[in-house]
>>> print(open('run_32.txt').read())   # compact mmCIF, C-alpha atoms and all ligand atoms
# COMPACT_ATOMS: atom_id res chain seq x y z
CA MET A 1 -21.55 5.03 12.86
CA ILE A 2 -18.36 3.53 11.39
CA PHE A 3 -14.95 5.20 11.59
CA MET A 4 -12.86 4.82 8.44
CA VAL A 5 -9.17 5.51 9.14
CA VAL A 6 -6.46 6.63 6.70
CA GLY A 7 -3.03 8.09 7.38
CA ALA A 8 -0.40 7.34 4.75
CA ARG A 9 -0.29 7.13 0.94
CA PRO A 10 -1.14 3.45 0.47
CA ASN A 11 -4.10 3.77 2.89
CA PHE A 12 -5.84 6.24 0.60
CA ILE A 13 -5.71 3.88 -2.36
CA LYS A 14 -6.90 0.84 -0.33
CA MET A 15 -9.65 2.66 1.56
CA ALA A 16 -11.12 4.88 -1.18
CA PRO A 17 -13.16 2.04 -2.74
CA VAL A 18 -14.43 0.94 0.69
CA ILE A 19 -15.40 4.48 1.69
CA LEU A 20 -17.14 5.11 -1.64
CA GLU A 21 -19.01 1.79 -1.53
CA ALA A 22 -20.16 2.44 2.06
CA ARG A 23 -21.32 5.90 0.99
CA ARG A 24 -23.19 4.46 -2.01
CA ARG A 25 -25.13 2.23 0.38
CA GLY A 26 -25.90 5.12 2.72
CA MET A 27 -23.91 3.74 5.68
CA ALA A 28 -23.17 6.32 8.36
CA GLN A 29 -19.40 6.85 8.32
CA PHE A 30 -16.82 9.29 9.65
CA LEU A 31 -13.48 9.65 7.89
CA VAL A 32 -10.42 10.12 10.10
CA HIS A 33 -7.05 11.15 8.59
CA THR A 34 -4.24 10.79 11.12
CA GLY A 35 -2.00 13.20 9.19
CA GLN A 36 0.92 10.72 9.12
CA HIS A 37 1.45 11.82 5.51
CA TYR A 38 0.71 15.46 4.88
CA ASP A 39 2.53 16.84 1.78
CA GLN A 40 0.19 17.76 -1.08
CA GLN A 41 1.74 15.00 -3.24
CA MET A 42 1.54 12.40 -0.44
CA SER A 43 -1.99 13.16 0.76
CA ARG A 44 -4.37 15.76 -0.67
CA ILE A 45 -3.87 14.80 -4.33
CA PHE A 46 -5.25 11.31 -3.59
CA PHE A 47 -8.47 12.68 -2.10
CA ASP A 48 -8.99 14.73 -5.24
CA GLU A 49 -8.05 12.04 -7.77
CA LEU A 50 -9.81 9.12 -6.07
CA GLY A 51 -12.98 11.12 -5.48
CA MET A 52 -12.84 10.59 -1.72
CA PRO A 53 -14.72 12.89 0.63
CA MET A 54 -12.51 15.23 2.65
CA PRO A 55 -11.70 13.88 6.15
CA ASP A 56 -14.22 14.67 8.90
CA ALA A 57 -11.25 14.92 11.27
CA ASN A 58 -7.53 15.37 10.63
CA LEU A 59 -5.38 14.50 13.63
CA GLY A 60 -2.40 16.32 12.07
CA VAL A 61 0.24 14.17 13.78
CA GLY A 62 2.99 14.53 11.13
CA SER A 63 6.39 12.85 11.27
CA SER A 64 8.48 11.68 14.22
CA SER A 65 9.94 8.53 15.79
CA HIS A 66 7.85 5.35 15.83
CA ALA A 67 6.89 5.61 19.50
CA ASP A 68 6.20 9.33 19.35
CA GLN A 69 4.14 9.12 16.16
CA THR A 70 2.16 6.07 17.34
CA ALA A 71 1.53 7.61 20.76
CA ARG A 72 0.43 10.94 19.30
CA ILE A 73 -2.02 9.24 16.97
CA MET A 74 -3.45 7.28 19.91
CA MET A 75 -3.76 10.35 22.09
CA ALA A 76 -5.55 12.28 19.36
CA PHE A 77 -7.74 9.36 18.26
CA GLU A 78 -9.00 8.37 21.71
CA PRO A 79 -11.05 11.52 22.41
CA LEU A 80 -12.62 11.23 18.97
CA CYS A 81 -13.67 7.64 19.74
CA LEU A 82 -15.03 8.71 23.11
CA GLU A 83 -16.97 11.57 21.55
CA HIS A 84 -18.52 9.61 18.66
CA ARG A 85 -18.55 6.06 20.06
CA PRO A 86 -18.27 4.37 16.61
CA GLU A 87 -19.66 0.84 16.37
CA LEU A 88 -16.66 -0.21 14.24
CA VAL A 89 -13.21 1.20 13.37
CA VAL A 90 -11.92 0.19 9.93
CA VAL A 91 -8.14 0.37 9.41
CA ALA A 92 -6.05 -0.70 6.39
CA GLY A 93 -2.57 -1.98 5.67
CA ASP A 94 0.43 -1.91 7.94
CA VAL A 95 1.49 1.65 8.72
CA ASN A 96 1.82 3.20 12.19
CA SER A 97 -1.62 4.82 11.80
CA THR A 98 -3.13 1.34 11.31
CA LEU A 99 -1.83 -0.06 14.58
CA ALA A 100 -2.27 3.14 16.60
CA CYS A 101 -5.97 3.46 15.77
CA ALA A 102 -6.66 -0.28 16.07
CA LEU A 103 -5.07 -0.38 19.51
CA THR A 104 -6.90 2.72 20.71
CA ALA A 105 -10.23 1.27 19.60
CA ALA A 106 -9.56 -2.18 21.05
CA LYS A 107 -8.74 -0.69 24.47
CA LEU A 108 -12.10 1.10 24.37
CA GLU A 109 -13.78 -2.19 23.43
CA ILE A 110 -14.71 -0.84 20.01
CA PRO A 111 -14.52 -3.61 17.38
CA VAL A 112 -11.86 -3.25 14.68
CA ALA A 113 -11.91 -4.33 11.02
CA HIS A 114 -8.58 -4.79 9.21
CA VAL A 115 -8.44 -4.36 5.43
CA GLU A 116 -5.41 -6.28 4.02
CA SER A 117 -5.12 -8.69 6.91
CA GLY A 118 -2.88 -11.74 7.24
CA LEU A 119 0.13 -10.69 5.14
CA ARG A 120 3.43 -11.77 6.71
CA SER A 121 7.05 -11.20 5.69
CA PHE A 122 8.19 -13.13 8.80
CA ASP A 123 10.76 -10.34 9.18
CA ARG A 124 10.34 -8.58 12.50
CA SER A 125 12.98 -5.99 11.60
CA MET A 126 10.30 -4.37 9.42
CA PRO A 127 8.10 -1.94 11.37
CA GLU A 128 5.22 -2.96 9.11
CA GLU A 129 5.42 -6.61 10.22
CA ILE A 130 4.94 -5.58 13.86
CA ASN A 131 2.00 -3.39 12.83
CA ARG A 132 0.38 -6.21 10.83
CA VAL A 133 0.67 -8.91 13.46
CA LEU A 134 -0.57 -6.76 16.31
CA THR A 135 -3.44 -5.26 14.32
CA ASP A 136 -4.65 -8.69 13.22
CA HIS A 137 -4.63 -9.98 16.77
CA ILE A 138 -6.88 -7.19 18.06
CA ALA A 139 -9.23 -7.03 15.09
CA GLU A 140 -12.52 -8.84 14.79
CA LEU A 141 -13.13 -8.59 11.04
CA LEU A 142 -10.06 -9.77 9.12
CA PHE A 143 -10.25 -8.99 5.39
CA THR A 144 -7.63 -10.94 3.45
CA THR A 145 -6.28 -10.28 -0.05
CA GLU A 146 -4.62 -13.57 -0.90
CA ALA A 147 -4.70 -17.21 0.22
CA SER A 148 -1.41 -16.93 2.16
CA GLY A 149 -3.14 -14.41 4.45
CA ASN A 150 -5.87 -16.91 5.32
CA ALA A 151 -3.30 -19.60 6.09
CA ASN A 152 -1.15 -17.25 8.21
CA LEU A 153 -4.09 -16.13 10.34
CA LEU A 154 -5.30 -19.68 10.91
CA LYS A 155 -1.75 -20.76 11.85
CA GLU A 156 -1.65 -17.96 14.41
CA GLY A 157 -4.81 -19.35 15.97
CA LEU A 158 -7.21 -16.62 14.89
CA PRO A 159 -10.85 -17.77 14.67
CA PRO A 160 -11.86 -18.88 11.15
CA GLU A 161 -15.17 -17.04 11.51
CA HIS A 162 -13.27 -13.74 11.81
CA ILE A 163 -11.46 -14.26 8.48
CA HIS A 164 -13.05 -13.05 5.24
CA PHE A 165 -11.25 -13.65 1.95
CA VAL A 166 -12.48 -10.63 0.01
CA GLY A 167 -9.68 -9.87 -2.45
CA ASN A 168 -7.65 -6.72 -2.93
CA SER A 169 -9.26 -3.28 -2.63
CA MET A 170 -6.07 -1.61 -3.97
CA ILE A 171 -6.83 -3.41 -7.23
CA ASP A 172 -10.39 -2.00 -7.10
CA SER A 173 -8.82 1.46 -7.34
CA LEU A 174 -6.67 0.27 -10.23
CA HIS A 175 -9.71 -1.03 -12.12
CA SER A 176 -11.65 2.18 -11.51
CA HIS A 177 -8.90 4.54 -12.61
CA LEU A 178 -6.77 2.77 -15.23
CA PRO A 179 -8.64 4.08 -18.30
CA ARG A 180 -8.45 7.66 -17.06
CA SER A 181 -4.77 7.18 -16.13
CA LEU A 182 -3.87 5.93 -19.60
CA ALA A 183 -5.86 8.68 -21.30
CA ARG A 184 -3.56 11.22 -19.60
CA ARG A 185 -0.55 9.65 -21.42
CA PRO A 186 1.75 10.57 -18.51
CA TRP A 187 4.86 9.25 -20.34
CA GLU A 188 4.62 12.15 -22.77
CA ALA A 189 5.58 14.61 -20.03
CA PHE A 190 8.94 12.79 -19.97
CA GLU A 191 9.18 12.60 -23.79
CA LEU A 192 8.95 8.82 -23.67
CA GLN A 193 7.00 6.20 -25.60
CA PRO A 194 5.02 3.35 -24.00
CA GLY A 195 7.19 0.29 -23.32
CA THR A 196 10.50 2.14 -23.61
CA TYR A 197 11.17 3.12 -20.00
CA GLY A 198 11.24 1.86 -16.42
CA VAL A 199 9.74 3.27 -13.20
CA VAL A 200 11.52 3.26 -9.83
CA THR A 201 10.37 3.75 -6.22
CA PHE A 202 12.43 3.03 -3.09
CA HIS A 203 11.47 4.05 0.42
CA ARG A 204 12.03 1.11 2.80
CA PRO A 205 14.28 2.12 5.69
CA ALA A 206 16.45 -0.98 5.08
CA ASN A 207 17.25 0.35 1.57
CA VAL A 208 17.31 4.14 1.86
CA ASP A 209 18.41 4.92 5.43
CA HIS A 210 21.90 3.39 5.08
CA PRO A 211 24.32 5.19 2.72
CA GLU A 212 26.32 2.08 1.81
CA ILE A 213 23.16 0.20 0.75
CA ALA A 214 21.62 3.20 -1.00
CA ARG A 215 24.90 3.66 -2.92
CA GLY A 216 24.69 0.07 -4.19
CA LEU A 217 21.09 0.56 -5.30
CA ALA A 218 22.07 3.78 -7.06
CA ARG A 219 24.84 1.91 -8.92
CA GLY A 220 22.26 -0.69 -9.97
CA LEU A 221 19.95 2.05 -11.27
CA ALA A 222 22.80 3.68 -13.18
CA GLU A 223 23.55 0.32 -14.82
CA VAL A 224 19.90 -0.04 -15.90
CA GLY A 225 19.65 3.65 -16.86
CA ARG A 226 22.42 3.23 -19.45
CA HIS A 227 20.06 0.96 -21.44
CA LEU A 228 16.57 2.03 -20.37
CA PRO A 229 15.45 5.50 -19.24
CA LEU A 230 14.14 5.41 -15.66
CA ILE A 231 11.62 7.71 -13.96
CA PHE A 232 12.09 7.81 -10.19
CA PRO A 233 9.36 9.70 -8.27
CA ILE A 234 11.24 10.08 -5.01
CA HIS A 235 9.51 9.41 -1.67
CA PRO A 236 10.07 12.17 0.93
CA ARG A 237 11.75 9.69 3.28
CA THR A 238 14.25 8.77 0.55
CA LEU A 239 14.91 12.43 -0.16
CA ALA A 240 15.46 13.13 3.54
CA GLN A 241 17.66 10.09 4.24
CA SER A 242 19.78 9.68 1.12
CA GLY A 243 18.67 12.39 -1.31
CA ASP A 244 22.18 13.19 -2.64
CA MET A 245 22.82 9.59 -3.57
CA TRP A 246 20.22 9.47 -6.33
CA HIS A 247 21.08 12.57 -8.33
CA GLY A 248 23.19 12.63 -11.49
CA LEU A 249 22.79 8.93 -12.36
CA PRO A 250 22.87 8.31 -16.13
CA GLY A 251 19.39 7.78 -17.59
CA VAL A 252 17.66 8.27 -14.22
CA ARG A 253 15.20 11.12 -13.88
CA ILE A 254 14.30 12.08 -10.30
CA VAL A 255 10.90 13.73 -9.91
CA GLU A 256 8.65 14.55 -6.98
CA PRO A 257 6.09 11.91 -5.90
CA LEU A 258 3.39 11.60 -8.55
CA GLY A 259 -0.34 11.61 -8.08
CA TYR A 260 -2.12 8.27 -8.40
CA LEU A 261 -3.36 8.77 -11.97
CA ASP A 262 0.00 9.73 -13.47
CA PHE A 263 1.81 7.05 -11.49
CA LEU A 264 -0.64 4.32 -12.45
CA GLY A 265 -0.59 5.31 -16.13
CA LEU A 266 3.21 5.45 -16.16
CA MET A 267 3.49 2.08 -14.42
CA ALA A 268 0.96 0.41 -16.72
CA ARG A 269 3.09 1.15 -19.81
CA ALA A 270 6.52 0.63 -18.22
CA ARG A 271 8.82 -2.12 -19.44
CA VAL A 272 9.81 -2.81 -15.85
CA VAL A 273 9.23 -1.39 -12.36
CA LEU A 274 11.99 -1.43 -9.74
CA THR A 275 10.67 -1.02 -6.22
CA ASP A 276 10.59 -1.95 -2.54
CA SER A 277 6.96 -0.88 -2.14
CA GLY A 278 4.37 -3.34 -0.92
CA GLY A 279 1.45 -2.10 -2.99
CA ILE A 280 3.41 -1.71 -6.21
CA GLN A 281 4.27 -5.43 -6.18
CA GLU A 282 0.53 -6.09 -6.33
CA GLU A 283 -0.32 -3.42 -8.90
CA THR A 284 2.36 -4.65 -11.33
CA THR A 285 1.01 -8.19 -10.97
CA ALA A 286 -2.50 -6.95 -11.75
CA LEU A 287 -1.15 -5.00 -14.74
CA GLY A 288 1.10 -7.82 -16.01
CA VAL A 289 4.15 -5.54 -15.84
CA ASN A 290 7.50 -7.00 -14.75
CA CYS A 291 8.45 -5.99 -11.22
CA VAL A 292 11.89 -6.18 -9.62
CA THR A 293 11.52 -5.97 -5.85
CA VAL A 294 14.76 -5.13 -4.07
CA ARG A 295 14.04 -6.95 -0.81
CA PRO A 296 15.02 -10.25 0.77
CA ASN A 297 11.38 -11.25 1.33
CA THR A 298 7.81 -10.33 0.53
CA GLU A 299 4.60 -10.52 2.55
CA ARG A 300 2.76 -10.86 -0.79
CA PRO A 301 3.95 -14.28 -2.05
CA VAL A 302 1.16 -14.60 -4.62
CA THR A 303 2.94 -11.92 -6.67
CA LEU A 304 5.89 -14.33 -6.98
CA THR A 305 4.00 -17.57 -7.52
CA GLN A 306 1.32 -16.24 -9.85
CA GLY A 307 2.32 -12.72 -10.75
CA THR A 308 5.17 -10.81 -12.38
CA ASN A 309 7.27 -10.11 -9.30
CA GLN A 310 10.84 -11.21 -8.59
CA LEU A 311 12.93 -10.56 -5.49
CA VAL A 312 16.54 -9.43 -5.90
CA SER A 313 19.35 -8.51 -3.55
CA THR A 314 20.88 -5.03 -3.31
CA ASP A 315 23.82 -6.12 -5.50
CA PRO A 316 24.01 -3.67 -8.46
CA GLN A 317 24.65 -6.41 -11.05
CA ALA A 318 21.74 -8.47 -9.74
CA ILE A 319 19.44 -5.45 -10.01
CA ALA A 320 20.59 -4.63 -13.54
CA SER A 321 20.31 -8.19 -14.77
CA ALA A 322 16.81 -8.69 -13.27
CA ALA A 323 15.55 -5.40 -14.73
CA LEU A 324 17.06 -5.75 -18.19
CA HIS A 325 16.50 -9.51 -18.67
CA PRO A 326 13.33 -10.41 -16.77
CA PRO A 327 12.24 -14.05 -16.90
CA GLN A 328 9.61 -14.86 -19.50
CA ARG A 329 6.91 -16.78 -17.67
CA PRO A 330 3.16 -17.04 -17.72
CA ALA A 331 1.55 -14.71 -15.19
CA SER A 332 -2.02 -14.54 -14.02
CA VAL A 333 -4.09 -12.24 -11.81
CA PRO A 334 -4.72 -13.66 -8.31
CA GLU A 335 -8.16 -14.81 -7.20
CA LYS A 336 -10.58 -12.01 -6.29
CA TRP A 337 -8.31 -9.22 -7.56
CA ASP A 338 -11.23 -8.37 -9.78
CA GLY A 339 -12.28 -4.85 -8.82
CA HIS A 340 -15.02 -6.01 -6.43
CA ALA A 341 -13.18 -6.40 -3.11
CA ALA A 342 -14.75 -3.28 -1.56
CA MET A 343 -18.20 -4.59 -2.40
CA ARG A 344 -17.39 -7.83 -0.53
CA ILE A 345 -15.91 -5.89 2.40
CA VAL A 346 -18.99 -3.72 2.75
CA ASP A 347 -21.23 -6.81 2.40
CA VAL A 348 -19.46 -8.35 5.41
CA ILE A 349 -19.65 -5.12 7.41
CA ALA A 350 -23.37 -4.80 6.66
CA ALA A 351 -24.00 -8.39 7.71
CA TRP A 352 -21.93 -7.83 10.86
CA GLN A 353 -24.01 -4.72 11.65
CA ALA A 354 -27.15 -6.78 11.20
CA GLY A 355 -25.82 -9.30 13.72
CA SER A 356 -24.68 -12.05 11.40
CA THR A 357 -21.55 -12.56 9.35
CA PRO A 358 -21.86 -14.34 6.02
CA SER A 359 -20.37 -17.81 5.97
CA ASN A 360 -19.65 -17.91 2.24
CA SER A 361 -16.63 -15.63 2.64
CA ALA A 362 -14.86 -17.90 5.13
CA PRO A 363 -11.54 -18.96 3.62
CA ASN A 364 -10.28 -22.33 2.72
CA GLN A 365 -6.57 -22.97 3.30
CA ARG A 366 -5.33 -22.89 -0.24
C1 LIG B 1 5.31 4.95 5.94
C2 LIG B 1 5.02 3.56 6.49
C3 LIG B 1 5.42 2.53 5.45
C4 LIG B 1 4.77 2.79 4.12
C5 LIG B 1 5.01 4.22 3.68
C6 LIG B 1 4.18 4.48 2.45
C7 LIG B 1 5.22 3.28 8.93
C8 LIG B 1 6.07 2.75 10.00
N1 LIG B 1 5.79 3.30 7.69
O1 LIG B 1 6.69 5.05 5.75
O2 LIG B 1 5.02 1.24 5.90
O3 LIG B 1 5.27 1.89 3.18
O4 LIG B 1 4.61 5.13 4.71
O5 LIG B 1 4.62 5.58 1.74
O6 LIG B 1 4.10 3.67 9.15
N2 LIG B 1 7.68 12.83 5.02
C9 LIG B 1 7.47 14.06 4.44
N3 LIG B 1 6.18 14.37 4.05
C10 LIG B 1 5.14 13.55 4.23
C11 LIG B 1 5.38 12.31 4.84
C12 LIG B 1 6.65 11.96 5.23
O7 LIG B 1 8.38 14.84 4.26
O8 LIG B 1 4.01 13.90 3.84
C13 LIG B 1 9.08 12.46 5.38
C14 LIG B 1 9.53 12.94 6.76
O9 LIG B 1 10.88 13.24 6.68
C15 LIG B 1 9.35 11.67 7.60
C16 LIG B 1 9.69 10.58 6.62
O10 LIG B 1 9.19 11.04 5.37
O11 LIG B 1 10.19 11.65 8.72
C17 LIG B 1 9.07 9.24 6.96
O12 LIG B 1 7.64 9.32 7.08
P1 LIG B 1 6.83 8.21 7.91
O13 LIG B 1 5.38 8.39 7.72
O14 LIG B 1 7.35 8.15 9.32
O15 LIG B 1 7.28 6.86 7.28
P2 LIG B 1 7.40 6.45 5.74
O16 LIG B 1 8.83 6.16 5.46
O17 LIG B 1 6.68 7.44 4.91
N1 LIG B 2 2.09 5.74 -5.75
C1 LIG B 2 1.69 6.97 -6.27
N2 LIG B 2 2.66 7.88 -6.62
C2 LIG B 2 3.99 7.62 -6.50
C3 LIG B 2 4.38 6.37 -5.97
C4 LIG B 2 3.40 5.46 -5.60
O1 LIG B 2 0.49 7.23 -6.41
O2 LIG B 2 4.80 8.49 -6.84
C5 LIG B 2 1.04 4.78 -5.33
C6 LIG B 2 1.18 3.39 -5.92
O3 LIG B 2 0.54 3.29 -7.18
C7 LIG B 2 0.50 2.53 -4.86
C8 LIG B 2 0.83 3.26 -3.56
O4 LIG B 2 1.19 4.58 -3.93
O5 LIG B 2 -0.92 2.56 -5.05
C9 LIG B 2 1.96 2.56 -2.84
O6 LIG B 2 2.35 3.31 -1.76
P1 LIG B 2 3.80 3.21 -1.12
O7 LIG B 2 4.74 2.56 -2.08
O8 LIG B 2 4.13 4.56 -0.62
O9 LIG B 2 3.54 2.29 0.16
P2 LIG B 2 3.63 0.72 0.44
O10 LIG B 2 2.71 0.05 -0.50
O11 LIG B 2 5.05 0.30 0.28
O12 LIG B 2 3.21 0.60 1.86
>>> encode(input="run_32.txt", output="structure tokens")
Amino acid sequence: MIFMVVGARPNFIKMAPVILEARRRGMAQFLVHTGQHYDQQMSRIFFDELGMPMPDANLGVGSSSHADQTARIMMAFEPLCLEHRPELVVVAGDVNSTLACALTAAKLEIPVAHVESGLRSFDRSMPEEINRVLTDHIAELLFTTEASGNANLLKEGLPPEHIHFVGNSMIDSLHSHLPRSLARRPWEAFELQPGTYGVVTFHRPANVDHPEIARGLARGLAEVGRHLPLIFPIHPRTLAQSGDMWHGLPGVRIVEPLGYLDFLGLMARARVVLTDSGGIQEETTALGVNCVTVRPNTERPVTLTQGTNQLVSTDPQAIASAALHPPQRPASVPEKWDGHAAMRIVDVIAAWQAGSTPSNSAPNQR
């Protein structure tokens, strides 16, 4: 039996296609939710909208410090591994749940598969970068989304036969749900027309945990909001850390986190998206929507070189200028972001179960 692990919002969107494809093929699987995210709008709504089965186990760990949260996930996950002895543990992305479950499994000599392997921001001040590097180095099946991931893993000395360039399962979800998302016309709830508004999400600790930085971002939003109405579904971390900062800005509407369908539909018809999210940089590239990423770096460089993404500093004028006057340039969808990544992932897992891994998915170093 295979353990599929989810814990936080982006995990649901990346893992749903893999879980559904494994189910379609009749693979024995057991879905573990760590409970890292737990609000209705951060967890349950995604199970409903993405058609995922309910978790077989919910570890219910909730929020706390990094060490406490990681340790509690490990302590709750270990007995489950001992009880069920899965042949493989599949984790996704770069959140604390990813590393905690990968590490627990590796110490029990249970093989680990990592969906969205190889991404690197080369910025160790980001908790996600620590989670990515460590998870990759204890995993045996490394599923990469873009060519930079292949190159990073090879540079770090990981065996080429462990690396499988499968594409982006988050974009599988986008392909599956975009028509339904658009049919809901989510902009109408805000009395807006397609192409006449922007969408905002900020939740990175570097941006929202420090009042002086958050204040600068808020000034940038206000500058944009004077010309273009902005919808800002606020992440619970942002609300908790700097909630007051974001209210009362001209043209900026703060709402609770949206479900996947409304968010995807809104994003697909936005003039611009302002964000510090990892996944949203990729979704906007797949949608061909301009994305302004308020970060000094990105672990997803293909969104800059091929996609619609641009990095900007926290300076309010820089944010406003990037959002209101985005560069006009040709953009294209990266290789294998075609809606079939989960199929390739499950192909590799099936071959691995049968005792062989397919050689045609081994990466080149482009
Ligand atoms: C986590 C991930 C981050 C990812 C983000 C996706 C880590 C280290 N960080 O950040 O990489 O981009 O999820 O959204 O794993 N909270 C609630 N309700 C919830 C969840 C969180 O109120 O359902 C609040 C709590 O105040 C909590 C805070 O948000 O302390 C932070 O939650 P946590 O899961 O620790 O980190 P995120 O900032 O959500
Ligand atoms: N998302 C959503 N509702 C929102 C904001 C984001 O459904 O209100 C989706 C978004 O489309 C993407 C994922 O959540 O699929 C990104 O998660 P997040 O930004 O929390 O995490 P990150 O990608 O930064 O780790």
>>> atom_distance(input="run_32.txt", atom1="atom CA of A:His162", atom2="atom CA of A:Ser121")
21.4 Å
>>> axis_aligned_box(input="run_32.txt", around="stretch 335-347 of chain A", padding_each_side="6 Å", output="AutoDock Vina command-line options")
--center_x -14.7 --center_y -9.0 --center_z -3.5 --size_x 25.1 --size_y 23.5 --size_z 24.5
>>> residues_near_ligand(input="run_32.txt", ligand="ligand LIG 1 (chain B)", cutoff="6 Å", atoms="all atoms listed in the file", output="VMD selection string")
chain A and resid 8 to 10 36 to 39 42 63 to 64 94 to 96 127 to 128 236 to 237 240
>>> residues_around(input="run_32.txt", residues="A:Pro111", least_positions_apart="2", cutoff="12 Å", atoms="only C-alpha atoms", output="JSON, numbers by chain")
{"A": [2, 3, 81, 85, 86, 87, 88, 89, 90, 91, 101, 102, 103, 104, 105, 106, 107, 108, 109, 113, 114, 135, 136, 137, 138, 139, 140, 141, 142, 162, 349, 352, 353]}
>>> residues_near_point(input="run_32.txt", point="(-5.2, -17.9, -1.0)", cutoff="12 Å", atoms="all atoms listed in the file", output="PyMOL selection string")
chain A and resi 118-119+144-153+163-168+300-303+305-306+334-337+362-366
>>> residues_near_ligand(input="run_32.txt", ligand="ligand LIG 2 (chain B)", cutoff="6 Å", atoms="all atoms listed in the file", output="PyMOL selection string")
chain A and resi 9-10+13+233+257-260+263-264+277-280
>>> write_last_selection(input="run_32.txt", atoms="C-alpha atoms", output="CSV table (one decimal), in the frame of the given file")
chain,number,residue,atom,x,y,z
A,9,ARG,CA,-0.3,7.1,0.9
A,10,PRO,CA,-1.1,3.4,0.5
A,13,ILE,CA,-5.7,3.9,-2.4
A,233,PRO,CA,9.4,9.7,-8.3
A,257,PRO,CA,6.1,11.9,-5.9
A,258,LEU,CA,3.4,11.6,-8.6
A,259,GLY,CA,-0.3,11.6,-8.1
A,260,TYR,CA,-2.1,8.3,-8.4
A,263,PHE,CA,1.8,7.0,-11.5
A,264,LEU,CA,-0.6,4.3,-12.4
A,277,SER,CA,7.0,-0.9,-2.1
A,278,GLY,CA,4.4,-3.3,-0.9
A,279,GLY,CA,1.4,-2.1,-3.0
A,280,ILE,CA,3.4,-1.7,-6.2
>>> atom_distance(input="run_32.txt", atom1="atom CA of A:Asp244", atom2="atom CA of A:Arg219")
13.2 Å
>>> residues_around(input="run_32.txt", residues="stretch 190-207 of chain A", least_positions_apart="2", cutoff="8 Å", atoms="all atoms listed in the file", output="list in words")
Pro186, Trp187, Glu188, Asp209, His210, Ile213, Ala214, Leu217, Leu228, Pro229, Leu230, Ile231, Phe232, Pro233, Ile234, His235, Arg237, Thr238, Leu266, Met267, Arg269, Ala270, Arg271, Val272, Val273, Leu274, Thr275, Asp276 and Ser277 of chain A
>>> closest_residue(input="run_32.txt", among="A:Leu31, A:Val133, A:Val252, A:Ala322", to="A:Arg226", atoms="all atoms listed in the file")
A:Val252
>>> atom_distance(input="run_32.txt", atom1="atom CA of A:Arg184", atom2="atom CA of A:Gln41")
17.6 Å
>>> closest_residue(input="run_32.txt", among="A:Cys291, A:Met74, A:Val115, A:Ile45", to="A:Ile19", atoms="all atoms listed in the file")
A:Val115
>>> residues_around(input="run_32.txt", residues="A:Gln317", least_positions_apart="5", cutoff="12 Å", atoms="all atoms listed in the file", output="JSON, numbers by chain")
{"A": [216, 217, 218, 219, 220, 221, 222, 223, 224, 312, 322, 323, 324, 325]}
>>> closest_residue(input="run_32.txt", among="A:Met15, A:Ser313, A:Ser43, A:Asn297", to="A:Ser125", atoms="all atoms listed in the file")
A:Asn297
>>> residues_around(input="run_32.txt", residues="A:His84", least_positions_apart="6", cutoff="12 Å", atoms="only C-alpha atoms", output="list of chain:residue names")
A:Met1, A:Ile2, A:Phe3, A:Ala28, A:Gln29, A:Phe30, A:Leu31, A:Val32, A:Asp56, A:Ala57, A:Phe77, A:Glu78, A:Ala105, A:Ile110
>>> residues_around(input="run_32.txt", residues="A:Asp123", least_positions_apart="3", cutoff="10 Å", atoms="all atoms listed in the file", output="PyMOL selection string")
chain A and resi 120+126-130+296-299
>>> closest_residue(input="run_32.txt", among="A:Val348, A:Val6, A:Ala92, A:Val255", to="A:Arg44", atoms="all atoms listed in the file")
A:Val6
>>> closest_residue(input="run_32.txt", among="A:His33, A:Phe122, A:Gln40, A:Gly355", to="A:Ala76", atoms="only C-alpha atoms")
A:His33
>>> decode(input="run_32.txt", residues="stretch 116-131 of chain A", atoms="C-alpha atoms", output="JSON list (two decimals), in the first residue's frame")
[["chain", "number", "residue", "atom", "x", "y", "z"],
["A", 116, "GLU", "CA", 7.78, 18.83, -7.15],
["A", 117, "SER", "CA", 11.39, 17.92, -6.52],
["A", 118, "GLY", "CA", 14.52, 19.91, -7.35],
["A", 119, "LEU", "CA", 13.23, 23.50, -7.05],
["A", 120, "ARG", "CA", 15.77, 25.81, -5.40],
["A", 121, "SER", "CA", 15.62, 29.48, -4.42],
["A", 122, "PHE", "CA", 19.18, 29.22, -3.03],
["A", 123, "ASP", "CA", 17.83, 31.24, -0.09],
["A", 124, "ARG", "CA", 18.22, 29.33, 3.15],
["A", 125, "SER", "CA", 16.32, 31.98, 5.09],
["A", 126, "MET", "CA", 13.15, 30.47, 3.59],
["A", 127, "PRO", "CA", 11.82, 27.54, 5.63],
["A", 128, "GLU", "CA", 10.64, 25.99, 2.36],
["A", 129, "GLU", "CA", 14.19, 25.84, 0.96],
["A", 130, "ILE", "CA", 15.34, 23.76, 3.94],
["A", 131, "ASN", "CA", 12.32, 21.48, 3.49]]
